[in-house]
file my_file.pdb (PDB, C-alpha atoms, pLDDT in the B column)
ATOM      1  CA  GLN A 135       4.579  31.058  -9.532  1.00 85.00           C
ATOM      2  CA  TRP A 136       4.260  27.403  -8.739  1.00 86.00           C
ATOM      3  CA  HIS A 137       3.653  24.530 -11.128  1.00 92.00           C
ATOM      4  CA  LEU A 138       2.920  20.824 -11.003  1.00 95.00           C
ATOM      5  CA  VAL A 139       3.647  18.584 -13.963  1.00 96.00           C
ATOM      6  CA  GLU A 140       2.451  15.002 -14.121  1.00 97.00           C
ATOM      7  CA  SER A 141       4.054  12.356 -16.312  1.00 98.00           C
ATOM      8  CA  GLY A 142       4.583   8.635 -16.622  1.00 98.00           C
ATOM      9  CA  GLY A 143       1.236   7.456 -17.895  1.00 98.00           C
ATOM     10  CA  GLY A 144       0.778   5.059 -20.771  1.00 98.00           C
ATOM     11  CA  LEU A 145      -0.916   1.953 -22.083  1.00 98.00           C
ATOM     12  CA  VAL A 146      -0.307  -1.279 -20.195  1.00 98.00           C
ATOM     13  CA  GLN A 147      -1.889  -4.682 -20.000  1.00 98.00           C
ATOM     14  CA  SER A 148      -3.797  -5.826 -16.974  1.00 98.00           C
ATOM     15  CA  GLY A 149      -1.331  -6.869 -14.288  1.00 98.00           C
ATOM     16  CA  GLY A 150       1.326  -4.470 -15.507  1.00 98.00           C
ATOM     17  CA  SER A 151       3.026  -1.590 -13.730  1.00 98.00           C
ATOM     18  CA  LEU A 152       3.613   2.118 -14.227  1.00 98.00           C
ATOM     19  CA  ARG A 153       5.289   4.812 -12.167  1.00 98.00           C
ATOM     20  CA  LEU A 154       3.792   8.273 -12.293  1.00 98.00           C
ATOM     21  CA  SER A 155       5.787  11.379 -11.412  1.00 98.00           C
ATOM     22  CA  CYS A 156       4.634  14.771 -10.225  1.00 97.00           C
ATOM     23  CA  VAL A 157       7.332  17.432 -10.375  1.00 97.00           C
ATOM     24  CA  GLY A 158       6.804  20.634  -8.469  1.00 95.00           C
ATOM     25  CA  SER A 159       8.443  23.992  -9.072  1.00 94.00           C
ATOM     26  CA  GLY A 160       8.219  27.301  -7.263  1.00 93.00           C
ATOM     27  CA  PHE A 161       7.596  25.721  -3.869  1.00 92.00           C
ATOM     28  CA  SER A 162       8.753  22.845  -1.681  1.00 93.00           C
ATOM     29  CA  PHE A 163       6.744  19.668  -1.191  1.00 93.00           C
ATOM     30  CA  GLU A 164       7.996  19.646   2.399  1.00 92.00           C
ATOM     31  CA  ASP A 165       5.463  22.352   3.204  1.00 91.00           C
ATOM     32  CA  TYR A 166       2.410  20.615   1.724  1.00 94.00           C
ATOM     33  CA  THR A 167       0.207  17.589   1.611  1.00 96.00           C
ATOM     34  CA  ILE A 168       0.276  16.063  -1.850  1.00 96.00           C
ATOM     35  CA  GLY A 169      -2.271  13.820  -3.443  1.00 97.00           C
ATOM     36  CA  TRP A 170      -2.801  11.739  -6.538  1.00 98.00           C
ATOM     37  CA  PHE A 171      -6.292  11.810  -7.969  1.00 98.00           C
ATOM     38  CA  ARG A 172      -7.921  10.337 -11.047  1.00 98.00           C
ATOM     39  CA  GLN A 173     -10.834  10.928 -13.328  1.00 97.00           C
ATOM     40  CA  ALA A 174     -12.260   8.148 -15.443  1.00 96.00           C
ATOM     41  CA  PRO A 175     -14.360   8.997 -18.499  1.00 92.00           C
ATOM     42  CA  GLY A 176     -17.798  10.199 -17.466  1.00 94.00           C
ATOM     43  CA  LYS A 177     -16.928  10.253 -13.793  1.00 96.00           C
ATOM     44  CA  GLU A 178     -15.887  12.858 -11.271  1.00 95.00           C
ATOM     45  CA  HIS A 179     -12.438  13.195  -9.818  1.00 96.00           C
ATOM     46  CA  GLY A 180     -11.633  10.712  -7.106  1.00 97.00           C
ATOM     47  CA  ALA A 181      -8.782  10.281  -4.672  1.00 97.00           C
ATOM     48  CA  VAL A 182      -6.122   7.652  -5.123  1.00 98.00           C
ATOM     49  CA  SER A 183      -3.518   8.368  -2.462  1.00 98.00           C
ATOM     50  CA  CYS A 184      -2.164  11.250  -0.397  1.00 98.00           C
ATOM     51  CA  ILE A 185       1.113  11.875   1.392  1.00 97.00           C
ATOM     52  CA  SER A 186       2.373  14.459   3.841  1.00 96.00           C
ATOM     53  CA  GLY A 187       5.502  16.241   2.642  1.00 93.00           C
ATOM     54  CA  GLN A 188       6.303  16.992   6.275  1.00 91.00           C
ATOM     55  CA  ASP A 189       6.128  13.630   8.000  1.00 92.00           C
ATOM     56  CA  GLY A 190       5.606  11.123   5.167  1.00 94.00           C
ATOM     57  CA  SER A 191       2.296   9.830   6.455  1.00 97.00           C
ATOM     58  CA  THR A 192       0.168   8.263   3.754  1.00 98.00           C
ATOM     59  CA  TYR A 193      -3.413   7.434   2.905  1.00 98.00           C
ATOM     60  CA  TYR A 194      -4.723   5.069   0.230  1.00 98.00           C
ATOM     61  CA  GLU A 195      -8.155   4.501  -1.165  1.00 97.00           C
ATOM     62  CA  ASP A 196      -9.277   0.942  -0.548  1.00 97.00           C
ATOM     63  CA  SER A 197      -9.290   0.062  -4.242  1.00 97.00           C
ATOM     64  CA  VAL A 198      -5.544   0.683  -4.582  1.00 98.00           C
ATOM     65  CA  LYS A 199      -4.251  -0.564  -1.231  1.00 98.00           C
ATOM     66  CA  ASN A 200      -1.454  -3.113  -1.561  1.00 97.00           C
ATOM     67  CA  ARG A 201      -1.102  -2.274  -5.267  1.00 98.00           C
ATOM     68  CA  PHE A 202      -0.070   1.388  -5.341  1.00 98.00           C
ATOM     69  CA  THR A 203       2.674   3.148  -3.394  1.00 98.00           C
ATOM     70  CA  ILE A 204       3.029   6.902  -2.996  1.00 98.00           C
ATOM     71  CA  SER A 205       6.366   8.451  -2.122  1.00 97.00           C
ATOM     72  CA  VAL A 206       8.042  11.844  -2.092  1.00 96.00           C
ATOM     73  CA  ASP A 207      11.609  12.779  -2.931  1.00 94.00           C
ATOM     74  CA  ASN A 208      12.052  16.202  -1.396  1.00 90.00           C
ATOM     75  CA  ALA A 209      15.516  16.615  -2.903  1.00 92.00           C
ATOM     76  CA  LYS A 210      13.997  16.323  -6.380  1.00 95.00           C
ATOM     77  CA  ASN A 211      10.713  17.964  -5.358  1.00 94.00           C
ATOM     78  CA  THR A 212       8.940  15.028  -6.962  1.00 96.00           C
ATOM     79  CA  VAL A 213       6.115  12.802  -5.817  1.00 97.00           C
ATOM     80  CA  TYR A 214       5.784   9.335  -7.285  1.00 98.00           C
ATOM     81  CA  LEU A 215       2.939   6.880  -7.589  1.00 98.00           C
ATOM     82  CA  GLN A 216       4.137   3.347  -8.197  1.00 98.00           C
ATOM     83  CA  MET A 217       1.239   1.364  -9.590  1.00 98.00           C
ATOM     84  CA  ASN A 218       1.485  -2.415  -9.681  1.00 98.00           C
ATOM     85  CA  ASN A 219      -0.991  -5.080 -10.679  1.00 98.00           C
ATOM     86  CA  LEU A 220      -2.947  -2.573 -12.715  1.00 98.00           C
ATOM     87  CA  LYS A 221      -6.547  -3.359 -13.566  1.00 98.00           C
ATOM     88  CA  PRO A 222      -8.810  -2.060 -16.349  1.00 97.00           C
ATOM     89  CA  GLU A 223     -10.778  -0.106 -13.762  1.00 97.00           C
ATOM     90  CA  ASP A 224      -7.624   1.922 -13.030  1.00 98.00           C
ATOM     91  CA  THR A 225      -7.970   3.484 -16.486  1.00 98.00           C
ATOM     92  CA  ALA A 226      -8.223   7.241 -15.965  1.00 98.00           C
ATOM     93  CA  THR A 227      -6.411  10.523 -16.225  1.00 98.00           C
ATOM     94  CA  TYR A 228      -4.247  10.927 -13.145  1.00 98.00           C
ATOM     95  CA  TYR A 229      -3.567  14.281 -11.526  1.00 97.00           C
ATOM     96  CA  CYS A 230      -1.484  15.485  -8.614  1.00 97.00           C
ATOM     97  CA  ALA A 231      -2.424  18.362  -6.336  1.00 96.00           C
ATOM     98  CA  ILE A 232      -1.138  20.085  -3.220  1.00 95.00           C
ATOM     99  CA  GLU A 233      -2.781  21.739  -0.257  1.00 93.00           C
ATOM    100  CA  GLY A 234      -1.161  23.450   2.674  1.00 90.00           C
ATOM    101  CA  HIS A 235      -3.496  22.814   5.561  1.00 84.00           C
ATOM    102  CA  TYR A 236      -4.866  19.306   5.261  1.00 93.00           C
ATOM    103  CA  ASP A 237      -3.823  16.040   6.783  1.00 94.00           C
ATOM    104  CA  VAL A 238      -3.661  13.154   4.347  1.00 96.00           C
ATOM    105  CA  GLN A 239      -7.158  11.829   5.001  1.00 96.00           C
ATOM    106  CA  THR A 240      -8.737  15.265   4.693  1.00 95.00           C
ATOM    107  CA  MET A 241      -6.740  15.953   1.547  1.00 95.00           C
ATOM    108  CA  CYS A 242      -7.977  12.809  -0.103  1.00 96.00           C
ATOM    109  CA  ALA A 243     -11.537  13.422   1.051  1.00 93.00           C
ATOM    110  CA  LEU A 244     -11.929  17.077   0.107  1.00 90.00           C
ATOM    111  CA  ARG A 245      -9.558  17.864  -2.761  1.00 91.00           C
ATOM    112  CA  PRO A 246     -11.582  15.952  -5.399  1.00 91.00           C
ATOM    113  CA  ARG A 247     -14.462  18.371  -4.837  1.00 88.00           C
ATOM    114  CA  MET A 248     -12.336  21.395  -5.669  1.00 87.00           C
ATOM    115  CA  ARG A 249     -11.578  22.961  -8.997  1.00 86.00           C
ATOM    116  CA  GLY A 250      -8.156  23.485 -10.461  1.00 86.00           C
ATOM    117  CA  TRP A 251      -6.494  20.538 -12.125  1.00 92.00           C
ATOM    118  CA  GLY A 252      -3.467  20.363 -14.330  1.00 90.00           C
ATOM    119  CA  GLN A 253      -3.086  18.459 -17.575  1.00 94.00           C
ATOM    120  CA  GLY A 254      -2.720  15.121 -15.867  1.00 97.00           C
ATOM    121  CA  THR A 255      -1.304  11.964 -17.357  1.00 98.00           C
ATOM    122  CA  GLN A 256      -3.382   9.280 -19.042  1.00 98.00           C
ATOM    123  CA  VAL A 257      -3.278   5.709 -17.806  1.00 98.00           C
ATOM    124  CA  THR A 258      -4.970   3.052 -19.899  1.00 98.00           C
ATOM    125  CA  VAL A 259      -5.084  -0.563 -18.773  1.00 98.00           C
ATOM    126  CA  SER A 260      -6.181  -3.130 -21.307  1.00 97.00           C
ATOM    127  CA  SER A 261      -7.762  -6.413 -20.304  1.00 93.00           C
TER
END

call {"tool": "encode", "arguments": {"input": "my_file.pdb", "output": "structure tokens"}}
result
Amino acid sequence: QWHLVESGGGLVQSGGSLRLSCVGSGFSFEDYTIGWFRQAPGKEHGAVSCISGQDGSTYYEDSVKNRFTISVDNAKNTVYLQMNNLKPEDTATYYCAIEGHYDVQTMCALRPRMRGWGQGTQVTVSS
């Protein structure tokens, strides 16, 4: 049985940084496309960034480009989201997810519409 566990969230001031981690067990990230998604209060899930575990290709939503960096450490079976220059509008619960048959753009476009989310990790950015 496979699991994903998100961690690394917290409370930071605007302009601060956080690094989120998504640890996988029971499978290898090398075989999947992995994405970070977020849900702000009262809103639906939205994509943040996606990465291919096979070739490392990445996709970023426009609102996080040049601020966030997604990466995968296959040896640790962990995906990271380095978030710099955080803004209050980044406040949300962040989730990671995997899919086996999507490229990074499709993953980020379609996965938010699906069910099945873990506990996530809360990120709160104060102004």

call {"tool": "closest_residue", "arguments": {"input": "my_file.pdb", "among": "A:Arg172, A:Arg153, A:Lys210, A:His179", "to": "Pro246 (chain A)", "atoms": "only C-alpha atoms"}}
result
A:His179

call {"tool": "closest_residue", "arguments": {"input": "my_file.pdb", "among": "A:Ala209, A:Cys184, A:Ala226, A:Leu220", "to": "Ala243 (chain A)", "atoms": "all atoms listed in the file"}}
result
A:Cys184

call {"tool": "residues_around", "arguments": {"input": "my_file.pdb", "residues": "Asn211 (chain A)", "least_positions_apart": "6", "cutoff": "8 Å", "atoms": "all atoms listed in the file", "output": "list in words"}}
result
Val157, Gly158, Ser159, Ser162 and Phe163 of chain A

call {"tool": "atom_distance", "arguments": {"input": "my_file.pdb", "atom1": "CA of Ser261 (chain A)", "atom2": "CA of Val198 (chain A)"}}
result
17.4 Å

call {"tool": "residues_around", "arguments": {"input": "my_file.pdb", "residues": "Gln253 (chain A)", "least_positions_apart": "4", "cutoff": "10 Å", "atoms": "only C-alpha atoms", "output": "ChimeraX atom specification"}}
result
/A:138-141,227-230

call {"tool": "write_last_selection", "arguments": {"input": "my_file.pdb", "atoms": "C-alpha atoms", "output": "compact mmCIF listing (two decimals), keeping the file's coordinate frame"}}
result
# COMPACT_ATOMS: atom_id res chain seq x y z
CA LEU A 138 2.92 20.82 -11.00
CA VAL A 139 3.65 18.58 -13.96
CA GLU A 140 2.45 15.00 -14.12
CA SER A 141 4.05 12.36 -16.31
CA THR A 227 -6.41 10.52 -16.23
CA TYR A 228 -4.25 10.93 -13.14
CA TYR A 229 -3.57 14.28 -11.53
CA CYS A 230 -1.48 15.48 -8.61

call {"tool": "residues_around", "arguments": {"input": "my_file.pdb", "residues": "Trp170 (chain A)", "least_positions_apart": "3", "cutoff": "10 Å", "atoms": "all atoms listed in the file", "output": "list in words"}}
result
Glu140, Leu154, Ser155, Cys156, Gly180, Ala181, Val182, Ser183, Cys184, Ile185, Tyr194, Ile204, Val213, Tyr214, Leu215, Tyr228, Tyr229, Cys230, Ala231, Ile232, Met241, Cys242, Arg245, Pro246 and Gly254 of chain A

call {"tool": "closest_residue", "arguments": {"input": "my_file.pdb", "among": "A:Asp207, A:Gly160, A:Ser186, A:Phe171", "to": "Met248 (chain A)", "atoms": "all atoms listed in the file"}}
result
A:Phe171

call {"tool": "resolve_selection", "arguments": {"input": "my_file.pdb", "expression": "the PyMOL selection byres ((chain A and resi 165) around 9)", "output": "list in words"}}
result
Phe161, Ser162, Phe163, Glu164, Tyr166, Thr167, Ser186, Gly187, Gln188, Glu233 and Gly234 of chain A

call {"tool": "closest_residue", "arguments": {"input": "my_file.pdb", "among": "A:Ile168, A:Val206, A:Ala174, A:Leu152", "to": "Asp224 (chain A)", "atoms": "all atoms listed in the file"}}
result
A:Ala174

call {"tool": "decode", "arguments": {"input": "my_file.pdb", "residues": "chain A", "atoms": "C-alpha atoms", "output": "mmCIF file, in the first residue's frame"}}
result
data_model
loop_
_atom_site.group_PDB
_atom_site.id
_atom_site.type_symbol
_atom_site.label_atom_id
_atom_site.label_comp_id
_atom_site.auth_asym_id
_atom_site.auth_seq_id
_atom_site.Cartn_x
_atom_site.Cartn_y
_atom_site.Cartn_z
ATOM 1 C CA GLN A 135 0.000 0.000 0.000
ATOM 2 C CA TRP A 136 1.370 3.368 -0.936
ATOM 3 C CA HIS A 137 1.364 6.553 1.111
ATOM 4 C CA LEU A 138 2.219 10.211 0.695
ATOM 5 C CA VAL A 139 2.994 12.392 3.687
ATOM 6 C CA GLU A 140 3.318 16.148 3.411
ATOM 7 C CA SER A 141 5.223 18.272 5.908
ATOM 8 C CA GLY A 142 7.086 21.530 6.271
ATOM 9 C CA GLY A 143 4.276 24.034 6.501
ATOM 10 C CA GLY A 144 4.089 26.792 9.068
ATOM 11 C CA LEU A 145 3.492 30.451 9.766
ATOM 12 C CA VAL A 146 5.792 32.937 8.058
ATOM 13 C CA GLN A 147 5.796 36.625 7.338
ATOM 14 C CA SER A 148 5.339 37.981 3.866
ATOM 15 C CA GLY A 149 8.612 37.656 1.978
ATOM 16 C CA GLY A 150 9.693 34.625 3.964
ATOM 17 C CA SER A 151 10.503 31.108 2.817
ATOM 18 C CA LEU A 152 9.424 27.552 3.548
ATOM 19 C CA ARG A 153 10.360 24.177 2.119
ATOM 20 C CA LEU A 154 7.635 21.576 1.890
ATOM 21 C CA SER A 155 8.387 17.862 1.691
ATOM 22 C CA CYS A 156 6.329 15.021 0.302
ATOM 23 C CA VAL A 157 7.615 11.590 1.283
ATOM 24 C CA GLY A 158 6.366 8.593 -0.621
ATOM 25 C CA SER A 159 6.326 4.979 0.506
ATOM 26 C CA GLY A 160 5.278 1.784 -1.214
ATOM 27 C CA PHE A 161 6.220 3.011 -4.680
ATOM 28 C CA SER A 162 8.939 4.923 -6.509
ATOM 29 C CA PHE A 163 8.552 8.525 -7.629
ATOM 30 C CA GLU A 164 10.580 7.595 -10.707
ATOM 31 C CA ASP A 165 7.479 5.949 -12.143
ATOM 32 C CA TYR A 166 5.097 8.883 -11.643
ATOM 33 C CA THR A 167 4.325 12.499 -12.238
ATOM 34 C CA ILE A 168 4.109 14.339 -8.940
ATOM 35 C CA GLY A 169 2.345 17.564 -8.198
ATOM 36 C CA TRP A 170 1.914 20.087 -5.434
ATOM 37 C CA PHE A 171 -1.558 21.518 -5.066
ATOM 38 C CA ARG A 172 -3.195 23.893 -2.620
ATOM 39 C CA GLN A 173 -6.580 24.745 -1.259
ATOM 40 C CA ALA A 174 -7.275 28.113 0.292
ATOM 41 C CA PRO A 175 -10.244 28.530 2.635
ATOM 42 C CA GLY A 176 -13.488 28.573 0.686
ATOM 43 C CA LYS A 177 -11.805 27.705 -2.580
ATOM 44 C CA GLU A 178 -11.277 24.586 -4.636
ATOM 45 C CA HIS A 179 -7.999 22.793 -5.028
ATOM 46 C CA GLY A 180 -5.613 24.406 -7.451
ATOM 47 C CA ALA A 181 -2.307 23.409 -8.973
ATOM 48 C CA VAL A 182 0.967 24.889 -7.838
ATOM 49 C CA SER A 183 3.657 22.901 -9.622
ATOM 50 C CA CYS A 184 4.235 19.473 -11.143
ATOM 51 C CA ILE A 185 7.334 17.434 -11.901
ATOM 52 C CA SER A 186 8.045 14.263 -13.824
ATOM 53 C CA GLY A 187 9.792 11.619 -11.735
ATOM 54 C CA GLN A 188 11.127 10.142 -14.967
ATOM 55 C CA ASP A 189 12.747 13.062 -16.747
ATOM 56 C CA GLY A 190 12.557 15.938 -14.242
ATOM 57 C CA SER A 191 10.480 18.189 -16.456
ATOM 58 C CA THR A 192 8.535 20.785 -14.518
ATOM 59 C CA TYR A 193 5.489 22.998 -14.752
ATOM 60 C CA TYR A 194 4.589 26.018 -12.622
ATOM 61 C CA GLU A 195 1.432 28.008 -12.285
ATOM 62 C CA ASP A 196 2.010 31.612 -13.281
ATOM 63 C CA SER A 197 1.406 32.920 -9.768
ATOM 64 C CA VAL A 198 4.376 30.996 -8.351
ATOM 65 C CA LYS A 199 6.866 31.207 -11.217
ATOM 66 C CA ASN A 200 10.259 32.545 -10.157
ATOM 67 C CA ARG A 201 9.292 32.142 -6.488
ATOM 68 C CA PHE A 202 8.731 28.405 -6.036
ATOM 69 C CA THR A 203 10.950 25.503 -7.072
ATOM 70 C CA ILE A 204 9.876 21.871 -7.264
ATOM 71 C CA SER A 205 12.428 19.085 -7.105
ATOM 72 C CA VAL A 206 12.569 15.341 -6.575
ATOM 73 C CA ASP A 207 15.130 13.262 -4.725
ATOM 74 C CA ASN A 208 14.555 9.749 -5.988
ATOM 75 C CA ALA A 209 17.062 8.278 -3.541
ATOM 76 C CA LYS A 210 14.951 9.580 -0.654
ATOM 77 C CA ASN A 211 11.665 9.165 -2.538
ATOM 78 C CA THR A 212 10.857 12.737 -1.579
ATOM 79 C CA VAL A 213 9.540 15.682 -3.539
ATOM 80 C CA TYR A 214 10.248 19.185 -2.308
ATOM 81 C CA LEU A 215 8.635 22.542 -2.892
ATOM 82 C CA GLN A 216 10.937 25.419 -2.047
ATOM 83 C CA MET A 217 8.812 28.508 -1.591
ATOM 84 C CA ASN A 218 10.504 31.897 -1.521
ATOM 85 C CA ASN A 219 9.122 35.402 -1.339
ATOM 86 C CA LEU A 220 5.884 34.106 0.107
ATOM 87 C CA LYS A 221 2.804 36.287 -0.130
ATOM 88 C CA PRO A 222 -0.416 36.314 1.914
ATOM 89 C CA GLU A 223 -2.267 34.909 -1.083
ATOM 90 C CA ASP A 224 -0.103 31.771 -0.830
ATOM 91 C CA THR A 225 -1.909 30.931 2.416
ATOM 92 C CA ALA A 226 -3.489 27.507 1.931
ATOM 93 C CA THR A 227 -3.258 23.854 2.777
ATOM 94 C CA TYR A 228 -0.725 22.260 0.458
ATOM 95 C CA TYR A 229 -1.041 18.710 -0.819
ATOM 96 C CA CYS A 230 1.061 16.435 -2.982
ATOM 97 C CA ALA A 231 -0.328 13.840 -5.366
ATOM 98 C CA ILE A 232 0.918 11.359 -7.940
ATOM 99 C CA GLU A 233 -0.431 10.058 -11.211
ATOM 100 C CA GLY A 234 1.066 7.489 -13.513
ATOM 101 C CA HIS A 235 -0.005 8.557 -16.964
ATOM 102 C CA TYR A 236 0.102 12.329 -17.151
ATOM 103 C CA ASP A 237 2.704 14.732 -18.385
ATOM 104 C CA VAL A 238 3.370 17.648 -16.072
ATOM 105 C CA GLN A 239 0.978 20.082 -17.734
ATOM 106 C CA THR A 240 -1.856 17.561 -17.813
ATOM 107 C CA MET A 241 -1.169 16.605 -14.210
ATOM 108 C CA CYS A 242 -1.434 20.174 -13.059
ATOM 109 C CA ALA A 243 -4.523 20.788 -15.172
ATOM 110 C CA LEU A 244 -6.558 17.707 -14.296
ATOM 111 C CA ARG A 245 -5.510 16.484 -10.851
ATOM 112 C CA PRO A 246 -7.210 19.349 -8.950
ATOM 113 C CA ARG A 247 -10.566 18.130 -10.260
ATOM 114 C CA MET A 248 -10.102 14.672 -8.782
ATOM 115 C CA ARG A 249 -10.903 13.398 -5.341
ATOM 116 C CA GLY A 250 -8.466 11.835 -2.944
ATOM 117 C CA TRP A 251 -6.256 14.141 -0.941
ATOM 118 C CA GLY A 252 -4.079 13.467 2.035
ATOM 119 C CA GLN A 253 -3.816 15.508 5.208
ATOM 120 C CA GLY A 254 -1.734 18.206 3.600
ATOM 121 C CA THR A 255 0.386 20.774 5.361
ATOM 122 C CA GLN A 256 -0.812 24.240 6.315
ATOM 123 C CA VAL A 257 1.011 27.312 5.079
ATOM 124 C CA THR A 258 0.039 30.665 6.535
ATOM 125 C CA VAL A 259 1.658 33.873 5.340
ATOM 126 C CA SER A 260 1.062 36.980 7.393
ATOM 127 C CA SER A 261 1.225 40.449 5.902
#
